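First the structure, in the form of structure tokens, and then the observations on it.
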Amino acid sequence: MNRLIIATAAILLSTAALAVLPGERLTDPTMEARAREVSQALRCVVCQNETIDDSDAELAKDMRVLVRERISAGDSNEQVVSYMVQRYGDFVLLKPRMTANTMALWFGPFALLIVGAFVVARRLRRPATQVAEAVTLSDAEAREVQAMKDRAS
Amino acid sequence: MTTTSAKRWPFVIPVAVIAALIGAFGKRLLDVNRGDDPHLIPSVLLNTPMPEFDLAPLPGREPGLATRDLKGSVSLVNVWGSWCVACLAEHPTLMALQRENAIPIQGIAWRDSPSASLAWLAQRGDPYARIGQDPKSVAAISLGVTGAPETFVVDATGVIRYKHIGPITPEVWQTTLAPLIAQLKK
Amino acid sequence: MLIELGHFALALALLVALAQGTLPMLGAARGNAAWMAMAEPAALTQFVLCGFAFASLMHAYIVSDFSVLGVAENSHTAKPLLYKISGVWGNHEGSMVLWITVLSLFGAAVAAFGTNLPRTLKARTLAVQGLIGVGFIAFILFASNPFVRLNPAPAQGNGLNPLLQDPGLAFHPPMLYLGYVGFSVAFSFAVAALLEGRVDAAWARWVRPWTLAAWTCLTLGIGLGSWWAYYELGWGGWWYWDPVENASFIPWLTGTALLHSAIVVERREALKSWTILLAIITFSLSLLGTFLVRSGILTSVHAFAADPARGVFVLMLLAVAIGGSLTLYAVKAPAMDGGGVFAPISREGGLLINNLLLTTAAATVLLGTLYPLIADALEMGKISVGSPYFNAVFVPLMTPLIILAGIGPLLAWKRADLNGALQRLKIAGGLAIVVLIATWLMNGGDALNLAAGGGMALAAWLAVATITEWISRVQGTAGLSWERMINLPRSAYGMTLAHLGMAVLIVGVTGASAWKAERIESLKPGEYIEIAGYRVTFENAQEVPGPNYRAIEGRYTVSRDGVTITTLNPEKRTYTQPPQQTTEAAIYTTGISDLYAVIGDMDGAEGAFVTRLFYEPFVPCLWYGVLLMGFGGLVSLSDRRHRLGAARRAAVLNLVPAE
């Protein structure tokens, strides 16, 4: 069911087509390779997490053509990308830039891994004697547990 | 029981995380109910001058539309296409605005054949002052357009002040666009 | 009339679920045997009622009863029977009925097969299952009713999205739901154990087969979805990291972790509270996947425009189910820890690191999937998180996991000899290095192929290490022993098969990402494209009729070294209702690689058609890998210990008072 949303958008925007069409391509193979590289980093703004290079949407096609026009006009890959970002915002980038707002995204997984490793390391070093202690509940806790039970049932 | 509570706190983390997540979902839900569509991308071009474009007219329906035409008075720039169902829904509102002389409406005929655009206007009425055709999304992409209809409010100096995504309904006009335009005209 | 009966049955099911959710729970708390005994008949009745509701809905689709709103919106008389049936779950309301039917099926299965469970545990487990049912049946009845009539009935329906009219996607949702919903059993067992206040080896032994069953279905379900995306969407890819795919992959990752940690509980009574948490989280993530992403409730604004109450309902349901169980966990779990002691280097230690990596991977995919939403909610701007992010973070997490998966099974419980294990893995390690260097050099020695070599080396390492472990278990004094092979438990074979499946899958992932080739040309009849040693000649294109579509079918002859091998007939279909186009790729497979052809639009007047060809090396390995993993799950599921062993343990346990 992956592409349902795209499918509905596609009814409005296009007839089914293939992604990069023969007529779109640049004759210079290095420029064409650069165009594909840039296209693979840009999100088709009417699709769900799909690159303009993969997309069948008409707007994606026009964006691909524009990417090629700018590359032919002498823009660097970065210039083409920032041209799109100026107009569509960071939304158009499939790989988010490292900014204050995306720190948690980029470092989150490794922070989690380190915290997890720390917890695991502690668990592995825990002496054998701690097994059965701390099971006794205070009266207040026992009441709390009972309340939980009642609520849960 | 301080020792026990010290051991207990890690067990509270999962429920705290899920509470935060559900809170975020809830906020998103409220936003959507207030009309803030999560799929809409707010324009990053707000309060910047209209990007440069110079679009040819539809044959026999002069004039076309260029960036320089947008200076001098507050105007709406409406991106539409004869293929677009929501544009059809919006069309009566645009016609009413034109009848009332509320504001000049400039059209960008996006990804459309000139004959289809002209037939659409002939059949339903033409609310536009100028229309430029944009068959290859040149203007649309430089405006950050993602779908039709989209409407930009441009002030007298040619700076983008607002972008409305989706059809303009009488309600949208009265509550959002009209007050903004009145303010810009001062 | 039948549809009203179905509606009524579902309303009755709500009442039954309510009884199932409360009486046995109270009975277990008060030691009232009669109330506890209500659980089984209630669970069975609930299944009959939900099954009837589902069947009545399916009947309406089969006979094209367009007086039912859902049928009119999603079906059409010209649709083949299979897609009339699959149309039932091709929309939100119908898929919810499938969901609840699967849920009640699992509840009934626990009631029927869980004969060896302690009475209170069984009553509580079924009660929790009943409470989940209450929430979701109420959701269907009050916010997603599929039994709504339409008056007057239209003469014809709107039809099903043609992309869904495909055998792969007809079976994908039921399979996926069997997986998603199957984890509800582990969840219910976990909540019941928290209420009971005890978790032991027997508990893990009861939970594991249900988890295995769910995991196997989810594995196959994800595989089916990926296969469908590969051959149906015509883009030559098989995984896109889009939210819908991620939604099924995240519970798969935590479910895999659960499968492994439950072994530790079963064998050593350690990691108890962690295993409980995994069971809760896995089902919670399944819920999140079903309701927030798959149904499009939070990603699509249209679901809200139709019914804003629906979103609020779902969110409250999630808050109660997930929030409630995790609150219970926060209160009761601290008392559950402890159990078997083990050294850092031991089987338990290995499984613990496996769990760390798998849950971090799951958290990472979740973070990437939800980040745009979170950023938006916190007004940090609109951003996208796509495959470049996921590939960049996921691969570094998976690499150590695969290395570990080779070593772990060779480690002894409690305290292991790492050096000894590594000694036995000399062949695996040596072979991996050879594969790495050979792959790298044979393909040009660049950076991309170094990474590809790394992937292939990992696959070789895991495969050889897995076989080494199997050999070490079946080796007698004089070489391989038949007797040992036969006596080796099926669960051990399950592990071996699943790990081998993983190795094969890695071959597919690596090959498909590194060496895929693509050509797009506009071909006139008689013209050809050469790709990966094949010559693909365009013969002609003709219009062919289908049951509910017209198709342009291209005829391409494939030859190699002048010898004709096969013909490929990709289609481009235009469906009549709804009017939509789809591409049907034609695939020629050697069993190791695929040649994949797609026909596009006519280009110019001379009969030329745009043709897109992919050479997809090792893609079939993806499907073999998934099948091997699923097969491993089934083999392990057939292990006698899951049935007889549990019964024996339970008999012993029943002598001990429950609390």
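Just so we're on the same page: first chain in the structure tokens is A, next is B, and so on; residues restart at 1 for each chain, and ligands are numbered from 1 in the order they show up.
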
Worksheet entry | Picked from region 305-516 of chain C by DSSP as alpha helix (DSSP H), as JSON, numbers by chain | {"C": [305, 306, 308, 309, 310, 311, 312, 313, 314, 315, 316, 317, 318, 324, 325, 326, 327, 328, 329, 330, 331, 332, 347, 348, 349, 350, 351, 352, 353, 354, 355, 356, 357, 358, 359, 360, 361, 362, 363, 364, 365, 366, 367, 368, 369, 370, 371, 372, 373, 374, 375, 376, 377, 387, 388, 389, 390, 391, 392, 393, 394, 395, 396, 397, 398, 399, 400, 401, 402, 403, 404, 405, 406, 407, 418, 419, 420, 421, 422, 423, 424, 426, 427, 428, 429, 430, 431, 432, 433, 434, 435, 436, 437, 438, 439, 440, 441, 442, 447, 448, 449, 450, 451, 452, 453, 454, 455, 456, 457, 458, 459, 460, 461, 462, 463, 464, 465, 466, 467, 468, 469, 470, 471, 472, 473, 474, 482, 483, 484, 485, 486, 487, 490, 491, 492, 493, 494, 495, 496, 497, 498, 499, 500, 501, 502, 503, 504, 505, 506, 507, 508, 509, 510, 511, 512, 513, 514]}

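In plain terms, chain B touches chain A through Val44, Lys136 and Gly144 of chain B, where touching means an atom at most 6 Å away, counting only C-alpha atoms.
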
Worksheet item: So which one's closest to Thr48 (chain B), B:Asp155, B:Glu100, B:Asp69, B:Asp31? Using only C-alpha atoms, please.
Response: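 Smallest distance to Thr48 (chain B) is found for B:Asp155.
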
Give me, as a PDB file with C-alpha atoms, in the first residue's frame, the residues of chain C touching chain B, with the criterion being at most 7 Å (counting only C-alpha atoms).
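Contents of the output file iface_24.pdb:
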```pdb
ATOM      1  CA  VAL C 301      -5.514  15.474   6.157  1.00  0.00           C
ATOM      2  CA  ALA C 319      -3.014   6.559  25.208  1.00  0.00           C
ATOM      3  CA  GLY C 323       0.109   4.509  28.428  1.00  0.00           C
ATOM      4  CA  LEU C 326       3.539   1.173  30.569  1.00  0.00           C
ATOM      5  CA  THR C 327       2.256   2.790  33.765  1.00  0.00           C
ATOM      6  CA  ALA C 330       6.566   1.362  35.859  1.00  0.00           C
ATOM      7  CA  PRO C 334      10.958  -3.021  39.407  1.00  0.00           C
ATOM      8  CA  ILE C 374       7.835  16.111  15.842  1.00  0.00           C
ATOM      9  CA  ALA C 377       4.669  19.985  16.173  1.00  0.00           C
ATOM     10  CA  LYS C 382       9.148  21.385   7.757  1.00  0.00           C
TER      11      LYS C 382
END
```

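Nearest residue to Thr169 (chain B), choosing from B:Ala102, B:Ala86, B:Val145, B:Ala139 and counting only C-alpha atoms: B:Ala86.
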
Worksheet item: Skipping near chain neighbours, those fewer than 5 positions away, what residues fall within 10 Å of Ile103 (chain B) using only C-alpha atoms, listed as a list of chain:residue names?
Response: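 Neighbouring residues, sequence-local ones excluded: B:Ser73, B:Val74, B:Ser75, B:Leu76, B:Leu94, B:Leu97, B:Gln98, B:Ala129, B:Ala178, B:Ile181.
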
For N, CA and C atoms, I'd like the residues from the last selection saved as a CSV table (one decimal), in the first residue's frame.
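Written out: part-v6.csv:
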```
chain,number,residue,atom,x,y,z
B,73,SER,N,0.5,48.0,-7.2
B,73,SER,CA,-0.7,47.8,-6.4
B,73,SER,C,-0.7,46.4,-5.8
B,74,VAL,N,-1.4,46.3,-4.7
B,74,VAL,CA,-1.5,45.0,-4.0
B,74,VAL,C,-2.3,44.1,-5.0
B,75,SER,N,-1.8,42.8,-5.1
B,75,SER,CA,-2.5,41.9,-6.1
B,75,SER,C,-2.5,40.5,-5.6
B,76,LEU,N,-3.3,39.7,-6.2
B,76,LEU,CA,-3.3,38.2,-5.9
B,76,LEU,C,-2.6,37.6,-7.1
B,94,LEU,N,-13.4,33.6,-7.1
B,94,LEU,CA,-12.5,34.6,-7.9
B,94,LEU,C,-13.4,35.5,-8.8
B,97,LEU,N,-14.9,38.2,-6.7
B,97,LEU,CA,-13.9,39.2,-6.3
B,97,LEU,C,-13.7,40.1,-7.5
B,98,GLN,N,-13.7,39.6,-8.7
B,98,GLN,CA,-13.4,40.4,-9.9
B,98,GLN,C,-14.6,41.4,-10.1
B,129,ALA,N,-6.7,39.5,-14.5
B,129,ALA,CA,-6.3,40.7,-15.2
B,129,ALA,C,-5.3,40.3,-16.2
B,178,ALA,N,-8.9,39.2,3.0
B,178,ALA,CA,-9.4,40.6,3.0
B,178,ALA,C,-8.7,41.5,4.1
B,181,ILE,N,-5.1,42.2,3.1
B,181,ILE,CA,-5.0,43.1,1.9
B,181,ILE,C,-5.4,44.6,2.3
```

Worksheet item: Residues of chain B in strand (DSSP E) according to DSSP, as a PyMOL selection string?
Response: chain B and resi 54-55+65-66+75-80+105-110+131-134+150-154+160-165

Item to complete: Take CA of Ala412 (chain C) and CA of Thr360 (chain C) and report the distance between them in Å, one decimal.
Response: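 Distance reported for this atom pair: 25.2 Å.
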